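First up is the structure itself, then whatever we jot down about it.
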Amino acid sequence: MVNKICVVVAIAMMGVALWIGSGCEKTEGTSGLEVTPSTWTLGSSNAASVELTANVSSSLALPLEWSVSNPSLGSIVSHGGSNALYSANISSVGTNLVRVANNTVTVKDQFNNVGTAIITLDIYGN
């Protein structure tokens with residue numbers, strides 16, 4: 001009787017260990033994100049904003065974190081799912097000091113995969 005109880009307890013413990021261990025595996029992400037459009041020029045003849053989309057070959061690990069390299073040139077004004085809206089600060093471009101400027105937009109998912117897009121602000125050329 002004691003042997004049967006020991007066997008049942010051992011089997012139960014192995015089942016619990018397998019169940020707990022299966023949730024502890026490291027999650028592997030994709031190798032990187034692609035942002036479309038990857039480059040975009042905002043100027044005086046077009047809108048001062050652009051919608052960006054993060055793409056991967058498999059699924060994204062949401063939520064995404066969007067950032068810009070120079071907040072004085074523009075910012076992410078809204079985001080949801082795999083999309084973000086970049087809005088340029090046109091008043092920061094066109095002074096005697098700054099005529100054309102690049103702002104790098106970076107997106108990172110929960111697997112730490114990263115993608116970038118370059119937004120060029122050129123109020124004289126476009």
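Every chain in the structure tokens takes a letter, A first, then B, and so on in the order presented; its residues are numbered from 1, and the ligands are numbered from 1 following the presented order.
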Proximity check range 31-60 of chain A to range 104-121 of chain A, 7 Å, nearest pairs one decimal Å, only C-alpha atoms, as a tab-separated table:
residue	atom	partner	partner_atom	distance
A:Ser31	CA	A:Asn113	CA	6.5
A:Gly32	CA	A:Asn113	CA	4.8
A:Leu33	CA	A:Gly115	CA	4.5
A:Glu34	CA	A:Gly115	CA	5.3
A:Val35	CA	A:Gly115	CA	5.9
A:Pro37	CA	A:Ala117	CA	6.9
A:Ser38	CA	A:Ala117	CA	4.3
A:Thr39	CA	A:Ile118	CA	4.8
A:Trp40	CA	A:Ile119	CA	5.0
A:Thr41	CA	A:Thr120	CA	4.5
A:Leu42	CA	A:Leu121	CA	5.0
A:Gly43	CA	A:Leu121	CA	5.9
A:Leu60	CA	A:Asp109	CA	6.8
Check: In Å, how far is it from CA of Ala48 in chain A to CA of Leu64 in chain A?
Finding: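 Rounded to one decimal, the two atoms are 22.9 Å apart.
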Next item on the list: Take CA of Ala84 in chain A and CA of Ala101 in chain A and report the distance between them in Å, one decimal.
Entry: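 These two atoms are separated by 20.3 Å.
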Note to self: I need the residue nearest Ala61 in chain A from this list: A:Ser82, A:Asp122, A:Asn102, A:Ile90. Use only C-alpha atoms for the distance.
What the structure shows: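 That would be A:Ser82, the residue with the smallest distance to Ala61 in chain A.
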Checklist line | Distance of CA of Ala88 in chain A from CA of Val50 in chain A, expressed in Å to one decimal place | finding: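 Taking CA of Val50 in chain A and CA of Ala88 in chain A, their separation equals 8.7 Å.
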